[in-house]
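Colleague: Just model.tsv, nothing more (TSV, C-alpha atoms):
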chain	number	residue	atom	x	y	z
A	1	MET	CA	125.25	82.27	255.43
A	2	LYS	CA	123.47	79.07	256.35
A	3	ASP	CA	121.64	80.86	259.14
A	4	LEU	CA	120.57	83.60	256.77
A	5	ILE	CA	118.89	81.22	254.36
A	6	THR	CA	117.40	79.17	257.19
A	7	ASN	CA	115.95	82.29	258.74
A	8	ILE	CA	114.43	83.61	255.54
A	9	ALA	CA	113.02	80.22	254.58
A	10	LYS	CA	111.46	79.67	258.00
A	11	ALA	CA	109.76	83.03	257.82
A	12	LEU	CA	108.06	82.13	254.56
A	13	VAL	CA	106.83	78.57	254.99
A	14	ASP	CA	104.01	76.92	256.90
A	15	LYS	CA	106.17	74.13	258.22
A	16	PRO	CA	109.38	75.76	259.53
A	17	GLU	CA	110.37	72.51	261.25
A	18	GLU	CA	110.86	70.90	257.85
A	19	VAL	CA	113.32	73.48	256.57
A	20	VAL	CA	116.71	71.87	255.97
A	21	VAL	CA	119.69	73.84	254.75
A	22	THR	CA	122.98	72.24	253.78
A	23	VAL	CA	126.08	74.00	252.54
A	24	ILE	CA	128.44	72.39	250.09
A	25	GLU	CA	131.65	74.33	250.45
A	26	GLY	CA	133.71	75.02	247.39
A	27	GLU	CA	136.90	76.96	246.81
A	28	GLN	CA	135.31	79.95	245.14
A	29	THR	CA	131.69	79.02	245.03
A	30	SER	CA	129.62	77.37	247.70
A	31	VAL	CA	126.28	75.80	247.00
A	32	ILE	CA	123.52	76.24	249.52
A	33	GLU	CA	120.87	73.59	249.28
A	34	LEU	CA	117.45	74.42	250.63
A	35	LYS	CA	114.89	71.75	251.27
A	36	VAL	CA	111.37	72.48	252.45
A	37	ALA	CA	108.12	70.56	252.84
A	38	LYS	CA	106.50	69.67	249.52
A	39	GLU	CA	103.56	71.98	250.13
A	40	ASP	CA	105.90	74.85	250.91
A	41	LEU	CA	107.99	74.66	247.78
A	42	GLY	CA	105.64	76.99	245.95
A	43	LYS	CA	105.93	79.57	248.71
A	44	ILE	CA	109.71	79.59	248.42
A	45	ILE	CA	109.61	79.92	244.64
A	46	GLY	CA	106.78	82.44	244.52
A	47	LYS	CA	104.79	83.81	241.62
A	48	GLN	CA	107.03	83.84	238.54
A	49	GLY	CA	109.90	82.80	240.79
A	50	ARG	CA	109.92	86.19	242.42
A	51	THR	CA	110.50	84.97	245.96
A	52	ALA	CA	113.37	82.69	244.95
A	53	GLN	CA	114.82	85.55	242.93
A	54	SER	CA	114.63	87.84	245.95
A	55	ILE	CA	116.32	85.30	248.20
A	56	ARG	CA	119.13	84.97	245.65
A	57	THR	CA	119.51	88.74	245.45
A	58	ILE	CA	119.85	88.98	249.22
A	59	LEU	CA	122.30	86.07	249.20
A	60	ASN	CA	124.42	87.82	246.57
A	61	ALA	CA	124.49	91.01	248.59
A	62	ALA	CA	125.53	89.09	251.68
A	63	SER	CA	128.26	87.21	249.87
A	64	LYS	CA	129.76	90.42	248.54
A	65	LYS	CA	131.13	91.08	252.01
A	66	MET	CA	132.66	87.62	252.22
A	67	HIS	CA	134.39	87.79	248.83
A	68	LYS	CA	132.89	84.47	247.92
A	69	ARG	CA	130.08	83.33	245.69
A	70	PHE	CA	127.07	81.49	246.96
A	71	VAL	CA	124.53	79.72	244.81
A	72	LEU	CA	121.10	78.75	246.07
A	73	GLU	CA	119.61	75.46	244.98
A	74	LEU	CA	116.09	74.42	245.83
A	75	ILE	CA	115.84	70.70	246.40
A	76	GLU	CA	112.57	69.00	245.55
B	77	MET	CA	93.46	86.41	263.50
B	78	SER	CA	94.83	82.93	263.91
B	79	SER	CA	94.77	81.25	267.25
B	80	ILE	CA	96.03	77.82	268.25
B	81	GLU	CA	96.22	75.64	271.33
B	82	ILE	CA	99.51	74.07	272.28
B	83	GLU	CA	100.38	71.37	274.79
B	84	ALA	CA	103.78	70.78	276.27
B	85	LYS	CA	105.46	69.53	279.42
B	86	THR	CA	105.82	73.01	280.87
B	87	THR	CA	104.26	76.39	280.12
B	88	GLU	CA	107.63	77.78	279.06
B	89	GLU	CA	108.10	74.97	276.62
B	90	ALA	CA	104.63	75.55	275.19
B	91	ILE	CA	105.39	79.25	274.68
B	92	LYS	CA	108.64	78.36	272.99
B	93	LYS	CA	106.78	76.01	270.68
B	94	ALA	CA	104.26	78.75	269.90
B	95	CYS	CA	107.02	81.19	268.98
B	96	GLU	CA	108.51	78.60	266.66
B	97	HIS	CA	105.13	77.84	265.15
B	98	PHE	CA	104.36	81.44	264.27
B	99	HIS	CA	108.01	82.31	263.79
B	100	LEU	CA	107.50	85.28	266.07
B	101	THR	CA	108.91	86.51	269.33
B	102	GLU	CA	106.89	86.21	272.52
B	103	GLY	CA	106.12	89.93	272.49
B	104	ALA	CA	104.02	89.61	269.37
B	105	LEU	CA	101.80	86.91	270.86
B	106	ASP	CA	98.88	86.92	273.26
B	107	ILE	CA	99.28	83.94	275.53
B	108	GLU	CA	96.53	82.54	277.67
B	109	VAL	CA	97.36	79.68	280.01
B	110	LEU	CA	94.51	77.17	279.95
B	111	GLU	CA	96.12	74.56	282.16
B	112	SER	CA	99.42	74.85	283.93
B	113	SER	CA	101.60	71.82	284.23
B	114	SER	CA	101.98	69.78	287.37
B	115	THR	CA	104.49	67.08	288.05
B	116	GLY	CA	102.23	65.12	290.37
B	117	ILE	CA	103.65	63.09	293.20
B	118	PHE	CA	107.37	62.35	292.69
B	119	GLY	CA	106.80	63.09	289.04
B	120	LEU	CA	105.00	59.81	288.70
B	121	VAL	CA	101.31	60.06	289.42
B	122	GLY	CA	99.03	62.68	287.94
B	123	ASN	CA	101.41	64.18	285.44
B	124	ARG	CA	99.61	66.98	283.69
B	125	LYS	CA	100.72	68.80	280.62
B	126	ALA	CA	100.59	72.56	280.25
B	127	LYS	CA	98.12	73.88	277.76
B	128	ILE	CA	98.07	77.38	276.34
B	129	ARG	CA	96.10	79.28	273.77
B	130	VAL	CA	98.11	81.60	271.58
B	131	THR	CA	96.81	84.42	269.43
B	132	VAL	CA	98.85	86.74	267.28
B	133	LYS	CA	98.48	90.30	268.56
B	134	GLU	CA	96.58	92.85	266.47
B	135	ASP	CA	99.34	95.31	265.99
B	136	SER	CA	102.07	92.80	265.91
B	137	ALA	CA	102.61	93.51	262.22
B	138	ILE	CA	104.89	96.42	262.94
B	139	ALA	CA	106.90	94.40	265.48
B	140	VAL	CA	107.11	91.41	263.17
B	141	ALA	CA	108.22	93.57	260.26
B	142	GLN	CA	110.96	95.23	262.28
B	143	GLU	CA	112.17	91.98	263.80
B	144	THR	CA	112.18	90.10	260.49
B	145	LEU	CA	114.24	92.74	258.74
B	146	ARG	CA	116.60	93.20	261.69
B	147	LYS	CA	117.29	89.48	261.79
B	148	ILE	CA	117.95	89.17	258.06
B	149	ILE	CA	120.30	92.14	257.97
B	150	SER	CA	122.20	91.08	261.06
B	151	LEU	CA	122.67	87.64	259.51
B	152	MET	CA	124.17	89.39	256.50
B	153	SER	CA	126.75	90.65	259.04
B	154	ILE	CA	125.83	94.28	258.49
B	155	ASP	CA	125.49	96.51	261.48
B	156	THR	CA	122.40	98.71	261.36
B	157	LYS	CA	119.52	100.07	263.33
B	158	ILE	CA	115.98	99.77	262.08
B	159	SER	CA	113.25	102.20	262.96
B	160	ALA	CA	109.62	101.43	262.25
B	161	VAL	CA	106.68	103.76	261.90
B	162	ARG	CA	103.14	103.36	260.72
B	163	LYS	CA	101.99	105.58	257.88
B	164	GLY	CA	98.28	105.04	257.42
B	165	ASP	CA	97.94	101.41	256.46
B	166	ASP	CA	101.57	101.06	255.56
B	167	ILE	CA	104.55	100.27	257.71
B	168	VAL	CA	107.72	102.13	256.89
B	169	LEU	CA	111.00	100.56	257.99
B	170	ASN	CA	114.04	102.74	257.83
B	171	ILE	CA	117.51	101.23	257.89
B	172	GLU	CA	120.04	103.45	259.61
B	173	GLY	CA	123.70	102.67	259.44
B	174	ASN	CA	126.92	103.09	257.55
B	175	ASN	CA	127.23	100.31	255.07
B	176	THR	CA	123.78	100.57	253.56
B	177	GLY	CA	124.99	100.82	249.97
B	178	ILE	CA	125.32	97.06	249.95
B	179	LEU	CA	121.70	96.79	251.06
B	180	ILE	CA	120.46	99.00	248.25
B	181	GLY	CA	122.29	97.07	245.57
B	182	HIS	CA	122.43	97.64	241.84
B	183	LYS	CA	119.48	99.83	240.84
B	184	GLY	CA	117.96	99.24	244.27
B	185	ARG	CA	117.43	95.54	243.62
B	186	THR	CA	118.62	94.31	246.99
B	187	LEU	CA	116.42	96.80	248.78
B	188	GLU	CA	113.49	95.63	246.68
B	189	ALA	CA	114.25	91.99	247.47
B	190	LEU	CA	114.42	92.71	251.20
B	191	GLU	CA	111.15	94.58	251.01
B	192	PHE	CA	109.50	91.75	249.12
B	193	ILE	CA	110.64	89.08	251.60
B	194	VAL	CA	109.64	91.14	254.64
B	195	ASN	CA	106.22	91.80	253.10
B	196	LYS	CA	105.69	88.08	252.54
B	197	ALA	CA	106.84	87.16	256.02
B	198	VAL	CA	104.69	89.77	257.74
B	199	ASN	CA	101.55	89.00	255.82
B	200	ARG	CA	102.01	85.31	256.41
B	201	ALA	CA	102.77	85.58	260.12
B	202	THR	CA	100.00	87.98	261.03
B	203	GLU	CA	97.42	87.08	258.38
B	204	THR	CA	96.85	90.74	257.66
B	205	LYS	CA	97.19	92.77	254.52
B	206	VAL	CA	99.69	95.47	255.27
B	207	ARG	CA	102.29	96.93	253.00
B	208	VAL	CA	105.79	97.24	254.30
B	209	ILE	CA	108.08	99.80	252.76
B	210	VAL	CA	111.80	99.42	253.34
B	211	ASP	CA	113.91	102.52	253.00
B	212	THR	CA	117.41	103.68	253.76
B	213	GLU	CA	119.14	107.05	253.58
B	214	ASN	CA	116.06	108.48	251.87
B	215	TYR	CA	116.76	106.22	248.90
B	216	ARG	CA	113.08	106.00	247.93
B	217	LYS	CA	112.69	109.73	247.87
B	218	ARG	CA	115.88	110.24	245.89
B	219	LYS	CA	114.87	107.56	243.41
B	220	GLU	CA	111.45	109.10	242.96
B	221	GLU	CA	113.00	112.48	242.27
B	222	SER	CA	115.45	111.07	239.75
B	223	LEU	CA	112.70	109.08	238.03
B	224	LYS	CA	110.54	112.18	237.76
B	225	GLY	CA	113.51	114.01	236.27
B	226	LEU	CA	114.04	111.22	233.77
B	227	ALA	CA	110.34	111.16	232.86
B	228	LEU	CA	110.26	114.89	232.22
B	229	LYS	CA	113.45	114.75	230.18
B	230	MET	CA	112.09	111.92	228.04
B	231	GLY	CA	108.82	113.81	227.71
B	232	GLU	CA	110.66	116.82	226.35
B	233	GLN	CA	112.55	114.63	223.93
B	234	ALA	CA	109.32	113.06	222.68
B	235	LYS	CA	107.83	116.49	222.08
B	236	ARG	CA	110.94	117.81	220.37
B	237	THR	CA	111.52	114.88	218.04
B	238	LYS	CA	107.81	114.04	217.64
B	239	LYS	CA	108.75	110.43	218.08
B	240	THR	CA	107.76	107.92	220.68
B	241	VAL	CA	110.33	107.52	223.43
B	242	THR	CA	110.49	104.21	225.27
B	243	ILE	CA	111.84	103.53	228.74
B	244	ASP	CA	112.74	99.87	229.16
B	245	SER	CA	111.78	97.39	231.90
B	246	VAL	CA	110.24	99.40	234.66
B	247	ASN	CA	108.61	97.85	237.72
B	248	PRO	CA	105.00	98.72	238.66
B	249	HIS	CA	105.91	101.22	241.35
B	250	ASP	CA	108.30	103.14	239.12
B	251	ARG	CA	105.89	103.02	236.19
B	252	ARG	CA	103.30	104.71	238.30
B	253	ILE	CA	105.71	107.53	239.10
B	254	ILE	CA	106.46	108.04	235.40
B	255	HIS	CA	102.79	108.06	234.42
B	256	LEU	CA	101.96	110.50	237.18
B	257	ALA	CA	104.86	112.80	236.34
B	258	LEU	CA	103.70	113.20	232.75
B	259	LYS	CA	99.96	113.10	233.38
B	260	GLY	CA	99.56	116.87	233.31
B	261	ASP	CA	101.22	117.34	229.94
B	262	SER	CA	98.60	117.58	227.20
B	263	GLN	CA	101.11	117.24	224.37
B	264	ILE	CA	102.12	113.71	225.23
B	265	GLN	CA	100.55	110.56	226.54
B	266	THR	CA	102.07	107.57	228.28
B	267	LYS	CA	101.36	103.89	227.81
B	268	SER	CA	102.65	100.70	229.40
B	269	ASP	CA	103.47	97.80	227.16
B	270	GLY	CA	104.71	94.28	227.71
B	271	GLU	CA	104.12	91.24	229.84
B	272	GLY	CA	104.89	90.41	233.42
B	273	LEU	CA	106.21	92.58	236.18
B	274	PHE	CA	108.60	94.69	234.19
B	275	LYS	CA	106.99	96.55	231.33
B	276	LYS	CA	108.11	99.22	228.95
B	277	VAL	CA	106.74	102.71	229.14
B	278	HIS	CA	106.07	104.52	225.87
B	279	ILE	CA	105.91	108.28	225.87
B	280	ILE	CA	103.92	109.21	222.79
B	281	PRO	CA	103.70	112.76	221.43
B	282	ASN	CA	100.18	113.74	220.43
B	283	ARG	CA	99.84	114.03	216.67
B	284	LYS	CA	96.95	116.45	216.32
B	285	LYS	CA	98.38	119.38	218.20
B	286	THR	CA	100.56	121.26	215.73
B	287	ASN	CA	103.50	122.59	217.56
B	288	LYS	CA	104.94	125.65	215.89
B	289	GLU	CA	108.37	125.58	217.41
B	290	GLU	CA	109.51	122.63	215.39
B	291	SER	CA	113.17	121.82	215.43
B	292	GLY	CA	114.58	119.04	213.25
Show this structure as structure tokens.
Modeller:
Amino acid sequence: MKDLITNIAKALVDKPEEVVVTVIEGEQTSVIELKVAKEDLGKIIGKQGRTAQSIRTILNAASKKMHKRFVLELIE
Amino acid sequence: MSSIEIEAKTTEEAIKKACEHFHLTEGALDIEVLESSSTGIFGLVGNRKAKIRVTVKEDSAIAVAQETLRKIISLMSIDTKISAVRKGDDIVLNIEGNNTGILIGHKGRTLEALEFIVNKAVNRATETKVRVIVDTENYRKRKEESLKGLALKMGEQAKRTKKTVTIDSVNPHDRRIIHLALKGDSQIQTKSDGEGLFKKVHIIPNRKKTNKEESG
């Protein structure tokens, strides 16, 4: 799951080397924290939050198979 | 087309850096070696770094699109094959496999999300303006058919009841299908209403035409 978010994020930003993903494991829900370069934050969020929304949708689909919930947090 | 120069200890390392920079595989890049590396005598004197110039290939868009989608789906631990074809200016990616229901999602939302992300990635990586369409099991075609059916049904209802019928929150692509499906009918007109991406579609029966077969 970490690789999935890392991969998507790196494909969207200008500074892929500054993409940092950390997973905080929980019993039922895990939180995935995504940190990108300041200039790239807008690219991850997108117009009207559409990009972030899309990433979350993909994450939800992926977590369906794992019978676990994942939440995406963008860290500023 | 973007082009950059990269220096590294060896040519291989420079190519690897280039791939990371563009987030592409080597196949999608044109690589020109400007200076190859040399270790000099005993690796001490006359060390020279390798220098390459890297340009993103013209028709890399299709390769990038395919690779981006393949990677995302495989990281979702779903086993599929992805075929890519060019249709005019568009690139159509078709996902072939068993478990694609999970990739379509509720009301096709996951498929839309995948398409959106791949579009962004491709247009960023290649600095072109192409549209990527992601499809699976003919889902797009089936959806279009069912939308047309819905539009016609709602159109009939509007005519019968002489009242405006509203279809809620429709995305731009689907709105277009509804408008087009009802365009030929002179007894009704269609209008979009609302803000943002998802708007309502009103199907309005024309007042002036007196329809004789009135029923309730």
Colleague: Do you know which residues are at most 9 Å from Val21 in chain A counting all atoms listed in the file, after dropping those on the same chain fewer than 6 positions away, and could you put them as a VMD selection string?
Modeller: chain A and resid 2 to 3 5 to 6 32 to 36
Colleague: Pull out every residue of chain A sitting within 8 Å of chain B, counting all atoms listed in the file, and send them as a list in words.
Modeller: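 Per the criterion, chain A yields Met1, Asp3, Leu4, Asn7, Ile8, Lys10, Ala11, Leu12, Lys15, Pro16, Thr51, Gln53, Ser54, Ile55, Thr57, Ile58, Ala61 and Ala62 of chain A.
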Colleague: Using CA of Glu76 in chain A and CA of Gly26 in chain A as the two end points, give the distance in Å to one decimal.
Modeller: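 Pair CA of Glu76 in chain A / CA of Gly26 in chain A returns 22.1 Å.
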Colleague: Just how far from CA of Ile254 in chain B is CA of Gly225 in chain B, in Å to one decimal?
Modeller: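 Answer for the CA of Gly225 in chain B to CA of Ile254 in chain B separation: 9.3 Å.
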Colleague: Work out how far CA of Glu39 in chain A is from CA of Ile24 in chain A, in Å to one decimal.
Modeller: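 So the two atoms, CA of Ile24 in chain A and CA of Glu39 in chain A, lie 24.9 Å apart.
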Colleague: When you count all atoms listed in the file, which of these residues is closest to Met66 in chain A: A:Ala52, A:Lys43, A:Val23, A:Thr29?
Modeller: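 Ranked by minimum distance to Met66 in chain A, first place goes to A:Thr29.
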